[in-house]
Amino acid sequence: MTAPVRAEDAFDVAAVAAWLGLDGVPQVRQFSGGASNLTYLLGDDLILRRPPAGTKAASAHDMGREFRIQSALAPVFPYVPEMVAYCDDESVIGSPFYVMRRVDGHIPRKELGLDLEKDQVRRLCTGALDLLADLHSVDPAAAGLADLGRGAGYVSRQVDGWSRRYRAARTRNVGSFATVMAWLRDNQPADRGACLIHNDFRFDNVVLDRSSARPVALLDWEMATIGDPLMDLGGALAYWVQADDGPLFRAFRRQPTHTPGMLTRREVVDYYCTRRGIDLSDRQWAFYEVFGLFRLAVIVQQIYYRYHHRQTRNPAFRHFWVASLMLEARCRRIIRRAGR
């Protein structure tokens with residue numbers, strides 16, 4: 001879904017057109033779904049990605065890294081868009097950016113947007129999970145991406161890193177997450193392997209074939225790295241809102257996981273673990289579920305922090321602090337159920 005470019009996210013389109021060597025200046029519209037890196041449609045078939053104004057090239061905003069990962073994956077994982085060009089000259093639009101080809105297809109948003117029967121929805125769902133499992137089966141060395149990893153201790157680094165990020169982004173109107181962070185620190189398992197992980201796997205990052213509803217591309221690689229595959233699954237399921245969830249959790253639904261035919265969270269875990277040959281108890285899964293929800297709370301809070309401190313005026317972020325409170329309560333319920 002595109003919209004006119006927000007004033008705070010505008011850039012010099014003519015400068016980009018000249019740098020790309022285009023004939024004329026294309027019309028530009030902004031994709032409205034993202035809350036991190038910014039995405040624009042140039043003309044009919046080009047996509048431009050750039051960081052939000054004022055951000056530095058941390059891993060989540062490193063355009064060169066994101067461009068390189070997708071370029072390297074193309075020969076071994078044919079579900080990445082075609083890369084066109086990367087620009088590290090900040091004099092062009094004030095930040096690095098890259099351009100890729102638009103992938104034709106359907107992207108599910110809050111509602112599925114496709115007229116499918118329940119069995120077709122189930123196949124769509126399992127097809128998306130197969131996409132994630134296939135990514136986790138890619139040999140990082142064969143893709144030339146072995147240097148993305150930092151060795152053993154991925155789980156521990158994630159718990160420590162996201163805890164620091166939450167403390168830095170906390171505002172007065174949200175909770176401390178102290179109990180959750182302590183539980184994650186005290187209950188973290190050893191790494192369950194090291195593979196390429198997407199780190200932002202959601203339905204609105206998957207492009208579906210319009211006729212078959214099979215995945216044809218996976219988008220938004222800004223957080224991809226080498227890490228524990230179950231941490232990637234936990235992060236994905238943090239966004240998974242079911243039809244039988246409570247009204248507050250359903251109010252923050254942003255993808256069509258409530259659609260009749262979709263797998264439940266428990267069924268997703270079982271399907272993925274069977275597909276990958278992983279033995280995982282409910283008690284063991286609790287860690288990854290809590291971590292995924294906590295990680296989402298940090299992301300939400302970081303975005304709200306920008307709004308709270310007037311670094312952005314996007315009204316979509318106004319009530320993100322409520323989501324932070326809700327996610328903390330959900331984490332604590334899972335911890336109680338799992339036993340401390």
# chains A, B, ... in the order shown; residues from 1 in each chain; ligands from 1
call {"tool": "residues_around", "arguments": {"residues": "Phe294 (chain A)", "least_positions_apart": "3", "cutoff": "12 Å", "atoms": "only C-alpha atoms", "output": "PyMOL selection string"}}
result
chain A and resi 158-163+165-166+175-184+231+234-235+237-239+287-291+297-301+323-332+334-335
call {"tool": "write_last_selection", "arguments": {"atoms": "C-alpha atoms", "output": "PDB file, in the first residue's frame"}}
result
ATOM      1  CA  GLN A 158      20.522 -11.147  22.148  1.00  0.00           C
ATOM      2  CA  VAL A 159      19.187 -11.202  25.706  1.00  0.00           C
ATOM      3  CA  ASP A 160      21.833  -8.719  26.854  1.00  0.00           C
ATOM      4  CA  GLY A 161      21.536  -6.486  23.801  1.00  0.00           C
ATOM      5  CA  TRP A 162      17.758  -6.190  23.720  1.00  0.00           C
ATOM      6  CA  SER A 163      17.696  -5.599  27.485  1.00  0.00           C
ATOM      7  CA  ARG A 165      17.975  -1.300  24.204  1.00  0.00           C
ATOM      8  CA  TYR A 166      14.810  -1.410  26.275  1.00  0.00           C
ATOM      9  CA  GLY A 175       6.820  -0.714  32.707  1.00  0.00           C
ATOM     10  CA  SER A 176      10.362  -1.723  33.619  1.00  0.00           C
ATOM     11  CA  PHE A 177      10.285  -5.286  32.181  1.00  0.00           C
ATOM     12  CA  ALA A 178      12.640  -6.097  35.086  1.00  0.00           C
ATOM     13  CA  THR A 179      10.990  -9.454  35.858  1.00  0.00           C
ATOM     14  CA  VAL A 180      10.990 -10.445  32.198  1.00  0.00           C
ATOM     15  CA  MET A 181      14.615  -9.480  31.605  1.00  0.00           C
ATOM     16  CA  ALA A 182      15.744 -11.317  34.740  1.00  0.00           C
ATOM     17  CA  TRP A 183      13.825 -14.455  33.702  1.00  0.00           C
ATOM     18  CA  LEU A 184      15.322 -14.389  30.210  1.00  0.00           C
ATOM     19  CA  MET A 231      15.050 -17.171  18.073  1.00  0.00           C
ATOM     20  CA  GLY A 234      10.091 -16.745  18.375  1.00  0.00           C
ATOM     21  CA  GLY A 235      10.432 -13.297  16.844  1.00  0.00           C
ATOM     22  CA  LEU A 237       5.384 -15.583  16.429  1.00  0.00           C
ATOM     23  CA  ALA A 238       5.408 -12.419  18.538  1.00  0.00           C
ATOM     24  CA  TYR A 239       3.289 -10.900  15.745  1.00  0.00           C
ATOM     25  CA  PHE A 287      11.877 -19.046  26.489  1.00  0.00           C
ATOM     26  CA  TYR A 288      11.697 -18.325  22.761  1.00  0.00           C
ATOM     27  CA  GLU A 289       8.104 -17.139  23.025  1.00  0.00           C
ATOM     28  CA  VAL A 290       8.894 -14.718  25.850  1.00  0.00           C
ATOM     29  CA  PHE A 291      12.021 -13.495  24.104  1.00  0.00           C
ATOM     30  CA  ALA A 297       8.207  -4.679  22.933  1.00  0.00           C
ATOM     31  CA  VAL A 298      11.668  -3.168  22.541  1.00  0.00           C
ATOM     32  CA  ILE A 299      11.069  -2.448  18.859  1.00  0.00           C
ATOM     33  CA  VAL A 300       7.695  -0.877  19.675  1.00  0.00           C
ATOM     34  CA  GLN A 301       9.209   1.169  22.492  1.00  0.00           C
ATOM     35  CA  ALA A 323       1.440  -2.107  23.240  1.00  0.00           C
ATOM     36  CA  SER A 324       4.553  -2.085  25.413  1.00  0.00           C
ATOM     37  CA  LEU A 325       2.425  -2.471  28.567  1.00  0.00           C
ATOM     38  CA  MET A 326       0.354  -5.222  26.983  1.00  0.00           C
ATOM     39  CA  LEU A 327       3.427  -7.171  25.844  1.00  0.00           C
ATOM     40  CA  GLU A 328       4.979  -7.007  29.309  1.00  0.00           C
ATOM     41  CA  ALA A 329       1.803  -8.433  30.854  1.00  0.00           C
ATOM     42  CA  ARG A 330       1.732 -11.216  28.255  1.00  0.00           C
ATOM     43  CA  CYS A 331       5.367 -12.115  28.944  1.00  0.00           C
ATOM     44  CA  ARG A 332       4.710 -12.329  32.660  1.00  0.00           C
ATOM     45  CA  ILE A 334       3.816 -17.033  30.041  1.00  0.00           C
ATOM     46  CA  ILE A 335       6.559 -16.975  32.677  1.00  0.00           C
TER      47      ILE A 335
END
call {"tool": "residues_around", "arguments": {"residues": "Pro81 (chain A)", "least_positions_apart": "6", "cutoff": "7 Å", "atoms": "only C-alpha atoms", "output": "PyMOL selection string"}}
result
chain A and resi 100-101+103+217
call {"tool": "residues_around", "arguments": {"residues": "region 20-24 of chain A", "least_positions_apart": "2", "cutoff": "12 Å", "atoms": "only C-alpha atoms", "output": "MDAnalysis selection string"}}
result
chainID A and resid 13:18 26:27 42:43 46 48 84:87 92 97:100
call {"tool": "residues_around", "arguments": {"residues": "region 266-275 of chain A", "least_positions_apart": "5", "cutoff": "8 Å", "atoms": "only C-alpha atoms", "output": "PDB file with all heavy atoms, in the first residue's frame"}}
result
ATOM      1  N   THR A 126       1.409 -22.694   5.632  1.00  0.00           N
ATOM      2  CA  THR A 126       2.513 -23.651   5.660  1.00  0.00           C
ATOM      3  C   THR A 126       3.561 -23.309   4.606  1.00  0.00           C
ATOM      4  O   THR A 126       4.755 -23.542   4.803  1.00  0.00           O
ATOM      5  CB  THR A 126       2.014 -25.093   5.470  1.00  0.00           C
ATOM      6  OG1 THR A 126       1.275 -25.194   4.246  1.00  0.00           O
ATOM      7  CG2 THR A 126       1.116 -25.509   6.644  1.00  0.00           C
ATOM      8  N   LEU A 129       5.786 -20.814   6.176  1.00  0.00           N
ATOM      9  CA  LEU A 129       6.674 -21.462   7.145  1.00  0.00           C
ATOM     10  C   LEU A 129       7.756 -22.266   6.446  1.00  0.00           C
ATOM     11  O   LEU A 129       8.901 -22.338   6.921  1.00  0.00           O
ATOM     12  CB  LEU A 129       5.863 -22.351   8.085  1.00  0.00           C
ATOM     13  CG  LEU A 129       4.863 -21.618   8.986  1.00  0.00           C
ATOM     14  CD1 LEU A 129       4.021 -22.611   9.766  1.00  0.00           C
ATOM     15  CD2 LEU A 129       5.586 -20.655   9.927  1.00  0.00           C
ATOM     16  N   ASP A 130       7.423 -22.876   5.313  1.00  0.00           N
ATOM     17  CA  ASP A 130       8.441 -23.576   4.518  1.00  0.00           C
ATOM     18  C   ASP A 130       9.504 -22.595   4.038  1.00  0.00           C
ATOM     19  O   ASP A 130      10.694 -22.935   3.968  1.00  0.00           O
ATOM     20  CB  ASP A 130       7.794 -24.272   3.316  1.00  0.00           C
ATOM     21  CG  ASP A 130       6.987 -25.505   3.704  1.00  0.00           C
ATOM     22  OD1 ASP A 130       7.255 -26.077   4.781  1.00  0.00           O
ATOM     23  OD2 ASP A 130       6.083 -25.887   2.933  1.00  0.00           O
ATOM     24  N   ALA A 133      11.803 -22.081   6.923  1.00  0.00           N
ATOM     25  CA  ALA A 133      12.631 -23.278   7.114  1.00  0.00           C
ATOM     26  C   ALA A 133      13.678 -23.401   6.015  1.00  0.00           C
ATOM     27  O   ALA A 133      14.824 -23.797   6.271  1.00  0.00           O
ATOM     28  CB  ALA A 133      11.742 -24.519   7.154  1.00  0.00           C
ATOM     29  N   LEU A 233      12.162 -17.894  14.902  1.00  0.00           N
ATOM     30  CA  LEU A 233      10.772 -18.340  14.994  1.00  0.00           C
ATOM     31  C   LEU A 233      10.048 -17.619  16.127  1.00  0.00           C
ATOM     32  O   LEU A 233       8.889 -17.211  15.978  1.00  0.00           O
ATOM     33  CB  LEU A 233      10.722 -19.855  15.203  1.00  0.00           C
ATOM     34  CG  LEU A 233       9.327 -20.473  15.236  1.00  0.00           C
ATOM     35  CD1 LEU A 233       8.617 -20.312  13.890  1.00  0.00           C
ATOM     36  CD2 LEU A 233       9.404 -21.959  15.622  1.00  0.00           C
ATOM     37  N   LEU A 280      11.390 -30.224  20.807  1.00  0.00           N
ATOM     38  CA  LEU A 280      11.240 -29.037  21.650  1.00  0.00           C
ATOM     39  C   LEU A 280      10.032 -29.207  22.555  1.00  0.00           C
ATOM     40  O   LEU A 280       8.906 -29.372  22.085  1.00  0.00           O
ATOM     41  CB  LEU A 280      11.064 -27.802  20.761  1.00  0.00           C
ATOM     42  CG  LEU A 280      11.102 -26.429  21.412  1.00  0.00           C
ATOM     43  CD1 LEU A 280      12.513 -26.099  21.890  1.00  0.00           C
ATOM     44  CD2 LEU A 280      10.627 -25.364  20.435  1.00  0.00           C
TER      45      LEU A 280
END
call {"tool": "residues_around", "arguments": {"residues": "region 117-119 of chain A", "least_positions_apart": "6", "cutoff": "8 Å", "atoms": "only C-alpha atoms", "output": "PDB file with C-alpha atoms, in the first residue's frame"}}
result
ATOM      1  CA  PRO A 260      -9.902 -19.137   9.280  1.00  0.00           C
ATOM      2  CA  GLY A 261      -7.469 -21.807   8.134  1.00  0.00           C
ATOM      3  CA  MET A 262      -4.351 -20.214   9.658  1.00  0.00           C
TER       4      MET A 262
END
call {"tool": "residues_around", "arguments": {"residues": "Tyr304 (chain A)", "least_positions_apart": "3", "cutoff": "6 Å", "atoms": "only C-alpha atoms", "output": "PDB file with N, CA and C atoms, in the first residue's frame"}}
result
ATOM      1  N   GLN A 301       8.822   0.082  21.593  1.00  0.00           N
ATOM      2  CA  GLN A 301       9.209   1.169  22.492  1.00  0.00           C
ATOM      3  C   GLN A 301      10.243   2.096  21.838  1.00  0.00           C
ATOM      4  N   TYR A 307       8.752   9.031  18.747  1.00  0.00           N
ATOM      5  CA  TYR A 307       7.544   9.869  18.732  1.00  0.00           C
ATOM      6  C   TYR A 307       7.476  10.729  19.999  1.00  0.00           C
ATOM      7  N   HIS A 308       7.743  10.111  21.140  1.00  0.00           N
ATOM      8  CA  HIS A 308       7.655  10.804  22.431  1.00  0.00           C
ATOM      9  C   HIS A 308       8.600  12.016  22.471  1.00  0.00           C
ATOM     10  N   PHE A 317       2.250   6.165  15.517  1.00  0.00           N
ATOM     11  CA  PHE A 317       3.072   5.716  16.649  1.00  0.00           C
ATOM     12  C   PHE A 317       2.570   6.246  17.997  1.00  0.00           C
ATOM     13  N   PHE A 320       1.788   3.528  20.796  1.00  0.00           N
ATOM     14  CA  PHE A 320       2.646   2.348  20.883  1.00  0.00           C
ATOM     15  C   PHE A 320       3.019   2.019  22.330  1.00  0.00           C
TER      16      PHE A 320
END
call {"tool": "residues_around", "arguments": {"residues": "Tyr40 (chain A)", "least_positions_apart": "3", "cutoff": "10 Å", "atoms": "only C-alpha atoms", "output": "MDAnalysis selection string"}}
result
chainID A and resid 2:5 9:10 28:32 43 46:50 99
call {"tool": "closest_residue", "arguments": {"among": "A:Leu124, A:Ile278, A:Ala168, A:Ala143", "to": "Gly193 (chain A)", "atoms": "only C-alpha atoms"}}
result
A:Ile278
call {"tool": "select_by_dssp", "arguments": {"residues": "region 106-308 of chain A", "states": "strand (DSSP E or B)", "output": "JSON, numbers by chain"}}
result
{"A": [106, 195, 196, 197, 206, 207, 208, 215, 216, 217, 218, 225, 226, 227]}
call {"tool": "select_by_dssp", "arguments": {"residues": "region 43-287 of chain A", "states": "alpha helix (DSSP H)", "output": "VMD selection string"}}
result
chain A and resid 63 to 73 118 to 136 154 to 169 178 to 187 229 to 237 247 to 251 265 to 276 282 to 287
call {"tool": "closest_residue", "arguments": {"among": "A:Met83, A:Val138, A:Met223, A:Val322", "to": "Leu196 (chain A)", "atoms": "only C-alpha atoms"}}
result
A:Val138
call {"tool": "closest_residue", "arguments": {"among": "A:Leu296, A:Ile107, A:Ile303, A:Val216", "to": "Gln255 (chain A)", "atoms": "only C-alpha atoms"}}
result
A:Ile107
call {"tool": "atom_distance", "arguments": {"atom1": "CA of Asp245 (chain A)", "atom2": "CA of Leu293 (chain A)"}}
result
14.6 Å
